Amino acid sequence: MEGKPVKKIDDFNAQDRINNKLLDSGVHFLLGEIEDNNISEAIKWIVYENLDKKQEKILTLYINSSGGDLYQAFALIDVMRVSTHKIRTIGMGNIMSAAFLIFASGADGERYIAPNTGIMCHQFTDGVDAKYHDIKAQMKESDYCNTRMVNILKAATGLDTRSVKTKLLPASDVYLTADELLELGVADHIFQE
């Protein structure tokens, strides 16, 4: 019985070669909407890299996203927190909403923001179209999500609860510059060549 033929490097297309080089370098890109597909890939990447515990390394997660599913962001943040390797985050293009939380959850001292990045943070909101009891239950969950967001940002920035709520999670959307992220402790460095 013959096994599957092994691919030679010459058999790989350009995208395969790029992906292999990035994987070998500990680099992953989180692009577009935060949803189960791209978060699943990011989680698998971190778990894969954590199989090698012999050598301590820094993994680099590039983020360019206008946000999306907050629960998927929570899943990735939980995996980032238990990683034996530090996760460097690099924000570029835009880091907004759920992507903002993922960016902020990078390892202390390893959060880089590109100077022209669009940055936005806001409270959790869920479009409610339901009966009274369902609305009440959804409001409880919204409060719980906002509490988790406050705790994630407190841990990431060192700010107290009041400061997080007034500076990062007030009632309206908050748009920030790269310099403001540094001042608030959400980023550690402005990413420049």
# chains A, B, ... in the order shown; residues from 1 in each chain; ligands from 1

call {"tool": "residues_around", "arguments": {"residues": "stretch 29-46 of chain A", "least_positions_apart": "3", "cutoff": "9 Å", "atoms": "only C-alpha atoms", "output": "JSON list (two decimals) with C-alpha atoms, in the first residue's frame"}}
result
[["chain", "number", "residue", "atom", "x", "y", "z"],
["A", 23, "LEU", "CA", 4.20, 30.13, 10.68],
["A", 26, "GLY", "CA", 5.59, 32.89, 14.77],
["A", 49, "GLU", "CA", 2.86, 27.36, 18.92],
["A", 50, "ASN", "CA", 2.35, 26.35, 22.58],
["A", 51, "LEU", "CA", 3.03, 22.70, 21.74],
["A", 59, "LEU", "CA", 4.38, 35.32, 18.90],
["A", 60, "THR", "CA", 3.27, 38.25, 16.75],
["A", 61, "LEU", "CA", -0.41, 38.87, 16.01],
["A", 62, "TYR", "CA", -1.08, 41.59, 13.42],
["A", 63, "ILE", "CA", -4.62, 42.98, 13.80],
["A", 64, "ASN", "CA", -6.62, 44.93, 11.20],
["A", 65, "SER", "CA", -10.31, 44.69, 12.06],
["A", 66, "SER", "CA", -13.33, 46.91, 12.60],
["A", 67, "GLY", "CA", -14.61, 44.43, 15.20],
["A", 68, "GLY", "CA", -17.35, 41.86, 15.30],
["A", 69, "ASP", "CA", -18.39, 39.05, 17.64],
["A", 70, "LEU", "CA", -17.46, 39.98, 21.22],
["A", 71, "TYR", "CA", -17.77, 36.39, 22.45],
["A", 72, "GLN", "CA", -15.26, 35.24, 19.83],
["A", 73, "ALA", "CA", -12.92, 38.01, 21.02],
["A", 75, "ALA", "CA", -12.37, 33.26, 23.47],
["A", 76, "LEU", "CA", -9.17, 34.48, 21.81],
["A", 79, "VAL", "CA", -6.28, 31.67, 24.97],
["A", 80, "MET", "CA", -3.81, 34.57, 24.74],
["A", 83, "SER", "CA", -0.23, 31.05, 26.32],
["A", 85, "HIS", "CA", 4.65, 32.37, 24.95],
["A", 87, "ILE", "CA", 1.74, 37.46, 22.37],
["A", 98, "ALA", "CA", -13.86, 43.66, 19.74],
["A", 99, "ALA", "CA", -10.53, 43.99, 17.88]]

call {"tool": "select_by_dssp", "arguments": {"residues": "stretch 3-178 of chain A", "states": "helix (DSSP H, G or I)", "output": "PyMOL selection string"}}
result
chain A and resi 9-11+14-24+36-50+70-82+98-104+132-157+161-168+178

call {"tool": "residues_around", "arguments": {"residues": "A:Ile190", "least_positions_apart": "5", "cutoff": "6 Å", "atoms": "only C-alpha atoms", "output": "PDB file with N, CA, C and O atoms, in the first residue's frame"}}
result
ATOM      1  N   TYR A 112       2.094  47.147  19.917  1.00  0.00           N
ATOM      2  CA  TYR A 112       2.561  48.161  18.981  1.00  0.00           C
ATOM      3  C   TYR A 112       1.375  48.658  18.153  1.00  0.00           C
ATOM      4  O   TYR A 112       0.584  47.860  17.672  1.00  0.00           O
ATOM      5  N   ILE A 113       1.302  49.971  17.964  1.00  0.00           N
ATOM      6  CA  ILE A 113       0.230  50.552  17.157  1.00  0.00           C
ATOM      7  C   ILE A 113       0.853  51.347  16.015  1.00  0.00           C
ATOM      8  O   ILE A 113       1.778  52.134  16.236  1.00  0.00           O
ATOM      9  N   ALA A 114       0.390  51.115  14.803  1.00  0.00           N
ATOM     10  CA  ALA A 114       0.867  51.892  13.660  1.00  0.00           C
ATOM     11  C   ALA A 114       0.282  53.304  13.765  1.00  0.00           C
ATOM     12  O   ALA A 114      -0.856  53.475  14.210  1.00  0.00           O
TER      13      ALA A 114
END

call {"tool": "select_by_dssp", "arguments": {"residues": "chain A", "states": "strand (DSSP E)", "output": "count of residues only"}}
result
36

call {"tool": "closest_residue", "arguments": {"among": "A:Phe191, A:Tyr144, A:Phe74, A:Tyr175", "to": "A:Gly118", "atoms": "only C-alpha atoms"}}
result
A:Tyr175

call {"tool": "closest_residue", "arguments": {"among": "A:Phe124, A:Lys54, A:Ala171, A:Ile152", "to": "A:Lys140", "atoms": "only C-alpha atoms"}}
result
A:Phe124

call {"tool": "closest_atom_pairs", "arguments": {"of": "stretch 47-105 of chain A", "to": "stretch 177-186 of chain A", "cutoff": "9 Å", "atoms": "only C-alpha atoms", "output": "JSON lines"}}
result
{"residue": "A:Phe103", "atom": "CA", "partner": "A:Val186", "partner_atom": "CA", "distance": 8.2}
{"residue": "A:Ala104", "atom": "CA", "partner": "A:Val186", "partner_atom": "CA", "distance": 5.4}
{"residue": "A:Ser105", "atom": "CA", "partner": "A:Val186", "partner_atom": "CA", "distance": 8.6}

call {"tool": "write_last_selection", "arguments": {"atoms": "C-alpha atoms", "output": "PDB file, in the first residue's frame"}}
result
ATOM      1  CA  PHE A 103      -5.130  44.343  20.728  1.00  0.00           C
ATOM      2  CA  ALA A 104      -5.125  45.611  24.332  1.00  0.00           C
ATOM      3  CA  SER A 105      -4.725  42.029  25.600  1.00  0.00           C
TER       4      SER A 105
END

call {"tool": "closest_residue", "arguments": {"among": "A:Arg81, A:His28, A:Gln55, A:Asn116", "to": "A:Gln192", "atoms": "only C-alpha atoms"}}
result
A:Asn116
